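The data block below is coords27.txt; it holds compact mmCIF, C-alpha atoms.
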# COMPACT_ATOMS: atom_id res chain seq x y z
CA MET J 16 -144.97 -16.50 -30.72
CA THR J 17 -142.06 -14.18 -31.52
CA ARG J 18 -139.64 -16.72 -30.10
CA PHE J 19 -141.22 -19.41 -32.25
CA PHE J 20 -140.62 -17.46 -35.46
CA GLN J 21 -137.08 -16.62 -34.36
CA THR J 22 -136.42 -20.33 -33.86
CA LEU J 23 -137.83 -21.13 -37.31
CA ARG J 24 -135.29 -18.79 -38.91
CA THR J 25 -132.52 -21.18 -37.94
CA ALA J 26 -134.43 -24.29 -39.00
CA PRO J 27 -133.32 -26.33 -42.04
CA CYS J 28 -135.46 -26.48 -45.17
CA THR J 29 -136.86 -29.89 -44.24
CA ALA J 30 -138.12 -28.62 -40.87
CA LEU J 31 -139.64 -25.54 -42.51
CA PHE J 32 -141.39 -27.74 -45.05
CA GLY J 33 -142.68 -30.06 -42.32
CA THR J 34 -143.91 -27.15 -40.19
CA ALA J 35 -145.72 -25.61 -43.18
CA VAL J 36 -147.48 -28.89 -43.97
CA ILE J 37 -148.50 -29.43 -40.33
CA LEU J 38 -149.90 -25.90 -40.09
CA LEU J 39 -151.76 -26.36 -43.39
CA VAL J 40 -153.28 -29.63 -42.18
CA ALA J 41 -154.31 -27.98 -38.90
CA VAL J 42 -156.05 -25.13 -40.77
CA ILE J 43 -157.84 -27.58 -43.08
CA ALA J 44 -158.99 -29.71 -40.14
CA ILE J 45 -160.31 -26.71 -38.19
CA PHE J 46 -162.08 -25.04 -41.11
CA ALA J 47 -163.17 -28.18 -42.99
CA PRO J 48 -166.88 -27.17 -43.26
CA VAL J 49 -165.87 -23.82 -44.73
CA ILE J 50 -163.30 -25.16 -47.21
CA ALA J 51 -165.19 -28.21 -48.49
CA PRO J 52 -167.54 -27.40 -51.39
CA TYR J 53 -169.94 -30.23 -50.45
CA GLY J 54 -171.04 -32.05 -47.32
CA GLU J 55 -169.09 -34.97 -45.91
CA THR J 56 -171.74 -37.58 -46.78
CA ALA J 57 -173.66 -35.73 -49.51
CA ILE J 58 -174.21 -37.68 -52.75
CA VAL J 59 -173.71 -35.03 -55.41
CA GLY J 60 -173.13 -36.97 -58.63
CA GLU J 61 -172.86 -40.33 -60.33
CA GLN J 62 -170.44 -43.05 -59.24
CA TYR J 63 -166.79 -42.55 -60.14
CA GLU J 64 -167.20 -39.33 -62.10
CA PRO J 65 -163.87 -38.07 -63.56
CA TRP J 66 -162.00 -35.01 -62.37
CA SER J 67 -163.67 -31.80 -63.48
CA SER J 68 -164.24 -28.20 -62.51
CA GLN J 69 -167.34 -29.29 -60.58
CA PHE J 70 -165.65 -32.23 -58.86
CA LEU J 71 -161.98 -31.43 -58.45
CA PHE J 72 -160.97 -35.04 -57.69
CA GLY J 73 -164.04 -36.73 -59.10
CA THR J 74 -166.56 -38.73 -57.08
CA ASP J 75 -166.28 -41.98 -55.12
CA ASN J 76 -168.15 -45.28 -55.31
CA LEU J 77 -171.37 -43.66 -54.04
CA GLY J 78 -171.14 -40.38 -55.93
CA ARG J 79 -169.72 -38.31 -53.07
CA ASP J 80 -167.21 -35.55 -53.81
CA MET J 81 -163.69 -36.89 -53.20
CA PHE J 82 -162.18 -33.45 -52.57
CA SER J 83 -164.72 -32.69 -49.83
CA ARG J 84 -164.21 -36.10 -48.22
CA LEU J 85 -160.43 -35.65 -48.27
CA ILE J 86 -160.88 -32.38 -46.39
CA TYR J 87 -163.26 -33.88 -43.83
CA GLY J 88 -160.98 -36.90 -43.58
CA THR J 89 -158.23 -34.56 -42.41
CA ARG J 90 -160.32 -33.58 -39.41
CA ASN J 91 -161.41 -37.12 -38.59
CA THR J 92 -158.18 -39.05 -39.13
CA VAL J 93 -155.74 -36.49 -37.74
CA GLY J 94 -158.04 -35.40 -34.92
CA LEU J 95 -158.59 -38.93 -33.65
CA ALA J 96 -154.89 -39.73 -33.98
CA LEU J 97 -154.05 -36.65 -31.91
CA LEU J 98 -156.62 -37.57 -29.24
CA THR J 99 -155.41 -41.18 -29.08
CA THR J 100 -151.76 -40.15 -28.84
CA ALA J 101 -152.55 -37.63 -26.10
CA ILE J 102 -154.34 -40.30 -24.04
CA ALA J 103 -151.54 -42.83 -24.52
CA PHE J 104 -148.88 -40.29 -23.61
CA THR J 105 -150.66 -38.94 -20.56
CA VAL J 106 -151.26 -42.39 -19.09
CA GLY J 107 -147.97 -43.94 -20.21
CA SER J 108 -145.78 -41.02 -19.09
CA LEU J 109 -147.38 -40.76 -15.65
CA LEU J 110 -147.20 -44.50 -15.03
CA GLY J 111 -143.60 -44.66 -16.23
CA ILE J 112 -142.47 -41.79 -14.03
CA VAL J 113 -144.38 -43.16 -11.02
CA ALA J 114 -142.75 -46.58 -11.53
CA ALA J 115 -139.29 -44.99 -11.61
CA VAL J 116 -139.91 -42.75 -8.58
CA VAL J 117 -141.62 -45.34 -6.36
CA GLY J 118 -139.62 -48.38 -7.49
CA GLY J 119 -139.94 -51.70 -5.69
CA MET J 120 -143.04 -53.83 -6.16
CA THR J 121 -144.93 -51.05 -7.96
CA ASP J 122 -142.22 -50.79 -10.60
CA ARG J 123 -142.01 -54.56 -11.08
CA LEU J 124 -145.81 -55.01 -11.29
CA LEU J 125 -146.31 -52.21 -13.84
CA SER J 126 -143.32 -53.37 -15.89
CA ARG J 127 -144.62 -56.94 -16.11
CA ILE J 128 -148.06 -55.74 -17.26
CA ILE J 129 -146.41 -53.62 -19.95
CA ASP J 130 -144.26 -56.58 -20.99
CA VAL J 131 -147.40 -58.66 -21.55
CA ILE J 132 -148.95 -55.93 -23.73
CA MET J 133 -145.78 -55.54 -25.78
CA ALA J 134 -145.39 -59.30 -26.21
CA ILE J 135 -148.49 -59.41 -28.46
CA PRO J 136 -148.12 -57.89 -31.96
CA SER J 137 -149.94 -54.56 -32.05
CA LEU J 138 -152.17 -55.24 -35.04
CA ILE J 139 -153.21 -58.68 -33.79
CA LEU J 140 -153.99 -57.27 -30.32
CA ALA J 141 -156.02 -54.43 -31.82
CA LEU J 142 -158.00 -56.74 -34.11
CA MET J 143 -158.71 -59.12 -31.22
CA LEU J 144 -159.86 -56.36 -28.82
CA LEU J 145 -161.96 -54.55 -31.45
CA THR J 146 -163.64 -57.82 -32.37
CA ILE J 147 -164.58 -58.25 -28.69
CA VAL J 148 -165.69 -54.69 -27.85
CA GLY J 149 -166.99 -53.69 -31.29
CA ALA J 150 -165.68 -51.38 -34.00
CA SER J 151 -166.76 -47.94 -32.78
CA VAL J 152 -164.77 -44.72 -32.65
CA ALA J 153 -164.63 -44.71 -28.85
CA SER J 154 -163.48 -48.32 -28.61
CA MET J 155 -160.90 -47.80 -31.36
CA VAL J 156 -159.40 -44.79 -29.56
CA LEU J 157 -159.22 -46.66 -26.23
CA VAL J 158 -157.77 -49.84 -27.76
CA ILE J 159 -155.04 -48.02 -29.69
CA ALA J 160 -154.27 -45.83 -26.68
CA LEU J 161 -153.91 -48.97 -24.53
CA ILE J 162 -151.52 -50.50 -27.05
CA TYR J 163 -149.32 -47.40 -27.24
CA VAL J 164 -149.26 -46.84 -23.48
CA ALA J 165 -146.66 -49.63 -23.37
CA PRO J 166 -143.83 -48.04 -25.43
CA VAL J 167 -144.48 -44.64 -23.85
CA PHE J 168 -144.25 -46.23 -20.40
CA ARG J 169 -140.91 -47.85 -21.28
CA LEU J 170 -139.46 -44.57 -22.56
CA ALA J 171 -140.74 -42.47 -19.64
CA ARG J 172 -139.53 -45.02 -17.07
CA ALA J 173 -136.06 -45.27 -18.64
CA SER J 174 -135.73 -41.48 -18.86
CA ALA J 175 -137.01 -40.95 -15.30
CA GLN J 176 -134.65 -43.54 -13.84
CA SER J 177 -131.68 -41.42 -14.87
CA VAL J 178 -133.25 -38.45 -13.07
CA VAL J 179 -134.44 -39.99 -9.78
CA VAL J 180 -130.86 -40.71 -8.71
CA MET J 181 -129.91 -37.02 -8.85
CA ASP J 182 -129.15 -35.09 -5.67
CA TYR J 183 -132.01 -32.63 -6.08
CA ILE J 184 -134.49 -35.52 -6.09
CA GLN J 185 -133.02 -36.79 -2.81
CA ALA J 186 -133.21 -33.26 -1.42
CA ALA J 187 -136.88 -33.06 -2.39
CA ARG J 188 -137.54 -36.37 -0.64
CA LEU J 189 -135.81 -35.11 2.51
CA ARG J 190 -137.97 -31.96 2.42
CA GLY J 191 -140.96 -34.27 2.63
CA GLU J 192 -142.30 -33.65 -0.89
CA GLY J 193 -144.99 -36.09 -1.95
CA LEU J 194 -145.18 -38.31 -5.02
CA GLY J 195 -147.20 -35.77 -7.01
CA TRP J 196 -144.59 -33.04 -6.47
CA LEU J 197 -141.71 -35.35 -7.42
CA VAL J 198 -143.46 -36.47 -10.61
CA VAL J 199 -144.75 -33.10 -11.83
CA LYS J 200 -142.19 -30.63 -10.49
CA GLU J 201 -138.93 -32.55 -10.33
CA VAL J 202 -138.87 -35.40 -12.88
CA LEU J 203 -141.26 -34.40 -15.66
CA PRO J 204 -139.60 -31.04 -16.54
CA ASN J 205 -136.24 -32.80 -16.91
CA ILE J 206 -137.46 -35.38 -19.41
CA ALA J 207 -140.00 -33.19 -21.22
CA SER J 208 -137.86 -32.66 -24.34
CA THR J 209 -137.49 -36.42 -24.81
CA LEU J 210 -141.22 -36.97 -24.36
CA VAL J 211 -142.15 -34.16 -26.76
CA ALA J 212 -139.94 -35.58 -29.50
CA GLU J 213 -141.33 -39.06 -28.88
CA PHE J 214 -144.88 -37.65 -29.03
CA GLY J 215 -144.31 -36.61 -32.63
CA LEU J 216 -142.98 -40.02 -33.63
CA ARG J 217 -145.68 -41.88 -31.72
CA PHE J 218 -148.35 -39.71 -33.38
CA CYS J 219 -147.12 -40.96 -36.75
CA PHE J 220 -147.46 -44.59 -35.62
CA VAL J 221 -150.96 -43.99 -34.23
CA PHE J 222 -151.97 -42.05 -37.35
CA LEU J 223 -150.84 -44.90 -39.62
CA PHE J 224 -152.43 -47.47 -37.29
CA ILE J 225 -155.83 -45.78 -37.48
CA ALA J 226 -155.58 -45.59 -41.27
CA ALA J 227 -154.67 -49.29 -41.42
CA LEU J 228 -157.60 -50.31 -39.20
CA SER J 229 -159.97 -48.19 -41.30
CA PHE J 230 -158.64 -49.87 -44.44
CA LEU J 231 -159.39 -53.25 -42.83
CA GLY J 232 -162.90 -52.09 -41.87
CA LEU J 233 -162.36 -51.93 -38.10
CA GLY J 234 -161.42 -48.27 -37.74
CA ILE J 235 -163.55 -45.20 -38.44
CA GLN J 236 -166.83 -46.51 -39.79
CA PRO J 237 -168.75 -45.31 -42.89
CA PRO J 238 -170.14 -42.88 -43.83
CA THR J 239 -167.57 -40.85 -41.84
CA ALA J 240 -164.75 -39.72 -44.12
CA ASP J 241 -161.37 -41.24 -43.31
CA TRP J 242 -158.24 -41.49 -45.42
CA GLY J 243 -157.80 -45.22 -44.77
CA SER J 244 -161.37 -46.21 -45.59
CA MET J 245 -161.40 -43.89 -48.65
CA LEU J 246 -158.43 -45.81 -50.03
CA LYS J 247 -160.28 -49.10 -49.57
CA GLU J 248 -163.61 -47.88 -50.98
CA ASN J 249 -162.09 -46.62 -54.23
CA ALA J 250 -159.26 -49.12 -54.70
CA THR J 251 -160.98 -50.63 -57.76
CA LEU J 252 -160.15 -47.48 -59.76
CA ILE J 253 -156.45 -48.36 -59.70
CA SER J 254 -157.20 -51.23 -62.10
CA PHE J 255 -158.37 -48.65 -64.64
CA GLY J 256 -155.31 -46.40 -64.30
CA ASP J 257 -157.11 -43.80 -62.14
CA ILE J 258 -154.90 -42.35 -59.39
CA THR J 259 -157.80 -41.02 -57.31
CA PRO J 260 -157.49 -43.78 -54.64
CA LEU J 261 -153.85 -42.80 -54.20
CA LEU J 262 -154.78 -39.28 -53.03
CA PRO J 263 -155.59 -40.28 -49.42
CA ALA J 264 -152.50 -42.50 -49.42
CA ALA J 265 -150.41 -39.52 -50.59
CA ALA J 266 -151.94 -37.36 -47.84
CA ILE J 267 -151.01 -39.98 -45.23
CA ALA J 268 -147.45 -40.20 -46.55
CA LEU J 269 -147.01 -36.42 -46.79
CA LEU J 270 -148.13 -35.75 -43.22
CA THR J 271 -146.05 -38.62 -41.83
CA VAL J 272 -142.88 -37.43 -43.58
CA SER J 273 -143.52 -33.82 -42.52
CA ILE J 274 -143.90 -34.76 -38.85
CA ASN J 275 -140.69 -36.79 -39.01
CA PHE J 276 -138.84 -33.80 -40.49
CA VAL J 277 -139.95 -31.62 -37.56
CA VAL J 278 -139.21 -34.31 -34.96
CA ASP J 279 -135.70 -34.87 -36.37
CA TRP J 280 -135.03 -31.14 -36.10
CA MET J 281 -136.35 -31.04 -32.52
CA LEU J 282 -134.15 -33.97 -31.53
CA HIS J 283 -131.15 -32.27 -33.12
CA ARG J 284 -131.83 -29.06 -31.19
CA SER J 285 -132.34 -30.83 -27.87
CA SER J 286 -129.14 -32.84 -28.33
CA GLY J 287 -127.05 -29.65 -28.47
CA LEU J 288 -125.20 -30.84 -31.57
CA LYS J 289 -123.96 -28.33 -34.13
CA ASP J 290 -124.48 -28.60 -37.87
Would you mind writing the file's structure down as structure tokens?
Amino acid sequence: MTRFFQTLRTAPCTALFGTAVILLVAVIAIFAPVIAPYGETAIVGEQYEPWSSQFLFGTDNLGRDMFSRLIYGTRNTVGLALLTTAIAFTVGSLLGIVAAVVGGMTDRLLSRIIDVIMAIPSLILALMLLTIVGASVASMVLVIALIYVAPVFRLARASAQSVVVMDYIQAARLRGEGLGWLVVKEVLPNIASTLVAEFGLRFCFVFLFIAALSFLGLGIQPPTADWGSMLKENATLISFGDITPLLPAAAIALLTVSINFVVDWMLHRSSGLKD
């Protein structure tokens, strides 16, 4: 922890801003039931009540408190995006490294499967699969994770291929080390910085993808609070000059920009470049 704060001292203002926003979002997501003045699905007023001391951001189309739903939406949207990204990265990274280490038919077979997945536009593939398996939270997480396994695989494979030709990998093979040792102990530590930076960027894509699917009605289903579905449910207010529907959109944009600020700083540090 001390090293973390020492590193932050040398960070640019953009990275500090991004880190502060990410930490704030994490705190809100963890303590959502404590922070929110009302329940996630509680109807506490009339439809579309204006901003007031009782309802900080007014109420939505059913009379639910918008401020409380924004807070709960932080937990649902960001939490599911984090889970989906973690699944995609775990599977994609391991398959990519295994393909690079083993090579041969295994590499070619996995690469062709990934090529097929990447040949179909992501949104069209997601809509098709969710129509088949149904629009539930579990199916949405698995479908999006499947889609994003492909780019993670490509990155991990390309990074690992530059490592597997090194002398210490050959030495490990001669010692009789197995595939698991080569993947976890030899290759993964040497490409970890690249994967960590890519994790942040890929999280942004997954986060926006979930919000887009929710806006289209195939993501997180009502009455669960979600930033994408909240934008859709209250979009009619924009016609009357009310900016309330733009609040979840602003939250999406703020978190995305903040993560990119931090990722840019991490990439700069790992590159060894000087300011």
Test item: residues at most 7 Å from Pro263 of chain J, all atoms listed in the file, excluding those fewer than 5 positions along its chain, as a PyMOL selection string: chain J and resi 85+242+245-246
Rank J:Tyr87, J:Phe224, J:Tyr63, J:Phe70 by their smallest atom-to-atom distance to Ile50 of chain J, using all atoms listed in the file, and report the top residue only.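 Smallest distance to Ile50 of chain J is found for J:Tyr87.
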Between atom CA of Val59 of chain J and atom CA of Gly78 of chain J, distance in Å (one decimal):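 Separation between atom CA of Val59 of chain J and atom CA of Gly78 of chain J: 6.0 Å.
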Mind giving me the straight-line distance from atom CA of Thr100 of chain J to atom CA of Ala47 of chain J in Å, one decimal?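 Computing it gives 21.8 Å between the two atoms.
Look at everything within 12 Å of (-158.6, -46.8, -61.8) using all atoms listed in the file, and the residues you get are J:Tyr63, J:Glu64, J:Pro65, J:Gly73, J:Asp75, J:Asn76, J:Leu246, J:Glu248, J:Asn249, J:Ala250, J:Thr251, J:Leu252, J:Ile253, J:Ser254, J:Phe255, J:Gly256, J:Asp257, J:Ile258, J:Thr259, J:Pro260, J:Leu261.
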The distance between atom CA of Ala96 of chain J and atom CA of Gly149 of chain J is 18.7 Å
Can you patch up segment 228-258 of chain J, filling it in to N, CA and C atoms, and show the result as a PDB file, keeping the file's coordinate frame?
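The resulting file, part-v1.pdb, is shown below:
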ATOM      1  N   LEU J 228    -156.378 -49.680 -39.721  1.00  0.00           N
ATOM      2  CA  LEU J 228    -157.600 -50.310 -39.200  1.00  0.00           C
ATOM      3  C   LEU J 228    -158.815 -49.897 -40.031  1.00  0.00           C
ATOM      4  N   SER J 229    -158.855 -48.642 -40.461  1.00  0.00           N
ATOM      5  CA  SER J 229    -159.970 -48.190 -41.300  1.00  0.00           C
ATOM      6  C   SER J 229    -159.950 -48.910 -42.644  1.00  0.00           C
ATOM      7  N   PHE J 230    -158.758 -49.130 -43.185  1.00  0.00           N
ATOM      8  CA  PHE J 230    -158.640 -49.870 -44.440  1.00  0.00           C
ATOM      9  C   PHE J 230    -159.148 -51.290 -44.286  1.00  0.00           C
ATOM     10  N   LEU J 231    -158.941 -51.871 -43.093  1.00  0.00           N
ATOM     11  CA  LEU J 231    -159.390 -53.250 -42.830  1.00  0.00           C
ATOM     12  C   LEU J 231    -160.864 -53.304 -42.407  1.00  0.00           C
ATOM     13  N   GLY J 232    -161.489 -52.136 -42.226  1.00  0.00           N
ATOM     14  CA  GLY J 232    -162.900 -52.090 -41.870  1.00  0.00           C
ATOM     15  C   GLY J 232    -163.198 -52.086 -40.389  1.00  0.00           C
ATOM     16  N   LEU J 233    -162.159 -51.924 -39.539  1.00  0.00           N
ATOM     17  CA  LEU J 233    -162.360 -51.930 -38.100  1.00  0.00           C
ATOM     18  C   LEU J 233    -162.016 -50.586 -37.456  1.00  0.00           C
ATOM     19  N   GLY J 234    -161.776 -49.582 -38.265  1.00  0.00           N
ATOM     20  CA  GLY J 234    -161.420 -48.270 -37.740  1.00  0.00           C
ATOM     21  C   GLY J 234    -162.627 -47.344 -37.753  1.00  0.00           C
ATOM     22  N   ILE J 235    -162.452 -46.157 -38.311  1.00  0.00           N
ATOM     23  CA  ILE J 235    -163.550 -45.200 -38.440  1.00  0.00           C
ATOM     24  C   ILE J 235    -164.562 -45.745 -39.427  1.00  0.00           C
ATOM     25  N   GLN J 236    -165.811 -45.815 -39.001  1.00  0.00           N
ATOM     26  CA  GLN J 236    -166.830 -46.510 -39.790  1.00  0.00           C
ATOM     27  C   GLN J 236    -167.540 -45.569 -40.768  1.00  0.00           C
ATOM     28  N   PRO J 237    -167.957 -46.096 -41.940  1.00  0.00           N
ATOM     29  CA  PRO J 237    -168.750 -45.310 -42.890  1.00  0.00           C
ATOM     30  C   PRO J 237    -170.043 -44.833 -42.235  1.00  0.00           C
ATOM     31  N   PRO J 238    -170.586 -43.700 -42.690  1.00  0.00           N
ATOM     32  CA  PRO J 238    -170.140 -42.880 -43.830  1.00  0.00           C
ATOM     33  C   PRO J 238    -169.119 -41.801 -43.458  1.00  0.00           C
ATOM     34  N   THR J 239    -168.553 -41.855 -42.250  1.00  0.00           N
ATOM     35  CA  THR J 239    -167.570 -40.850 -41.840  1.00  0.00           C
ATOM     36  C   THR J 239    -166.358 -40.924 -42.758  1.00  0.00           C
ATOM     37  N   ALA J 240    -165.901 -39.770 -43.223  1.00  0.00           N
ATOM     38  CA  ALA J 240    -164.750 -39.720 -44.120  1.00  0.00           C
ATOM     39  C   ALA J 240    -163.472 -40.008 -43.354  1.00  0.00           C
ATOM     40  N   ASP J 241    -162.661 -40.868 -43.919  1.00  0.00           N
ATOM     41  CA  ASP J 241    -161.370 -41.240 -43.310  1.00  0.00           C
ATOM     42  C   ASP J 241    -160.440 -41.657 -44.426  1.00  0.00           C
ATOM     43  N   TRP J 242    -159.184 -41.233 -44.333  1.00  0.00           N
ATOM     44  CA  TRP J 242    -158.240 -41.490 -45.420  1.00  0.00           C
ATOM     45  C   TRP J 242    -158.037 -42.984 -45.650  1.00  0.00           C
ATOM     46  N   GLY J 243    -157.993 -43.785 -44.600  1.00  0.00           N
ATOM     47  CA  GLY J 243    -157.800 -45.220 -44.770  1.00  0.00           C
ATOM     48  C   GLY J 243    -158.975 -45.894 -45.442  1.00  0.00           C
ATOM     49  N   SER J 244    -160.188 -45.589 -44.996  1.00  0.00           N
ATOM     50  CA  SER J 244    -161.370 -46.210 -45.590  1.00  0.00           C
ATOM     51  C   SER J 244    -161.614 -45.691 -47.004  1.00  0.00           C
ATOM     52  N   MET J 245    -161.250 -44.432 -47.286  1.00  0.00           N
ATOM     53  CA  MET J 245    -161.400 -43.890 -48.650  1.00  0.00           C
ATOM     54  C   MET J 245    -160.514 -44.651 -49.631  1.00  0.00           C
ATOM     55  N   LEU J 246    -159.331 -45.033 -49.186  1.00  0.00           N
ATOM     56  CA  LEU J 246    -158.430 -45.810 -50.030  1.00  0.00           C
ATOM     57  C   LEU J 246    -159.050 -47.177 -50.359  1.00  0.00           C
ATOM     58  N   LYS J 247    -159.665 -47.788 -49.360  1.00  0.00           N
ATOM     59  CA  LYS J 247    -160.280 -49.100 -49.570  1.00  0.00           C
ATOM     60  C   LYS J 247    -161.506 -48.999 -50.478  1.00  0.00           C
ATOM     61  N   GLU J 248    -162.359 -47.998 -50.244  1.00  0.00           N
ATOM     62  CA  GLU J 248    -163.610 -47.880 -50.980  1.00  0.00           C
ATOM     63  C   GLU J 248    -163.400 -47.647 -52.466  1.00  0.00           C
ATOM     64  N   ASN J 249    -162.310 -46.995 -52.838  1.00  0.00           N
ATOM     65  CA  ASN J 249    -162.090 -46.620 -54.230  1.00  0.00           C
ATOM     66  C   ASN J 249    -160.906 -47.345 -54.866  1.00  0.00           C
ATOM     67  N   ALA J 250    -160.448 -48.411 -54.205  1.00  0.00           N
ATOM     68  CA  ALA J 250    -159.260 -49.120 -54.700  1.00  0.00           C
ATOM     69  C   ALA J 250    -159.468 -49.710 -56.084  1.00  0.00           C
ATOM     70  N   THR J 251    -160.718 -50.013 -56.458  1.00  0.00           N
ATOM     71  CA  THR J 251    -160.980 -50.630 -57.760  1.00  0.00           C
ATOM     72  C   THR J 251    -160.568 -49.724 -58.925  1.00  0.00           C
ATOM     73  N   LEU J 252    -160.520 -48.411 -58.683  1.00  0.00           N
ATOM     74  CA  LEU J 252    -160.150 -47.480 -59.760  1.00  0.00           C
ATOM     75  C   LEU J 252    -158.706 -47.652 -60.207  1.00  0.00           C
ATOM     76  N   ILE J 253    -157.857 -48.177 -59.339  1.00  0.00           N
ATOM     77  CA  ILE J 253    -156.450 -48.360 -59.700  1.00  0.00           C
ATOM     78  C   ILE J 253    -156.327 -49.302 -60.888  1.00  0.00           C
ATOM     79  N   SER J 254    -157.236 -50.264 -60.984  1.00  0.00           N
ATOM     80  CA  SER J 254    -157.200 -51.230 -62.100  1.00  0.00           C
ATOM     81  C   SER J 254    -157.442 -50.547 -63.437  1.00  0.00           C
ATOM     82  N   PHE J 255    -158.064 -49.376 -63.412  1.00  0.00           N
ATOM     83  CA  PHE J 255    -158.370 -48.650 -64.640  1.00  0.00           C
ATOM     84  C   PHE J 255    -157.417 -47.476 -64.865  1.00  0.00           C
ATOM     85  N   GLY J 256    -156.311 -47.446 -64.117  1.00  0.00           N
ATOM     86  CA  GLY J 256    -155.310 -46.400 -64.300  1.00  0.00           C
ATOM     87  C   GLY J 256    -155.694 -45.068 -63.686  1.00  0.00           C
ATOM     88  N   ASP J 257    -156.688 -45.041 -62.808  1.00  0.00           N
ATOM     89  CA  ASP J 257    -157.110 -43.800 -62.140  1.00  0.00           C
ATOM     90  C   ASP J 257    -156.357 -43.672 -60.806  1.00  0.00           C
ATOM     91  N   ILE J 258    -155.710 -42.543 -60.595  1.00  0.00           N
ATOM     92  CA  ILE J 258    -154.900 -42.350 -59.390  1.00  0.00           C
ATOM     93  C   ILE J 258    -155.703 -41.781 -58.223  1.00  0.00           C
TER      94      ILE J 258
END
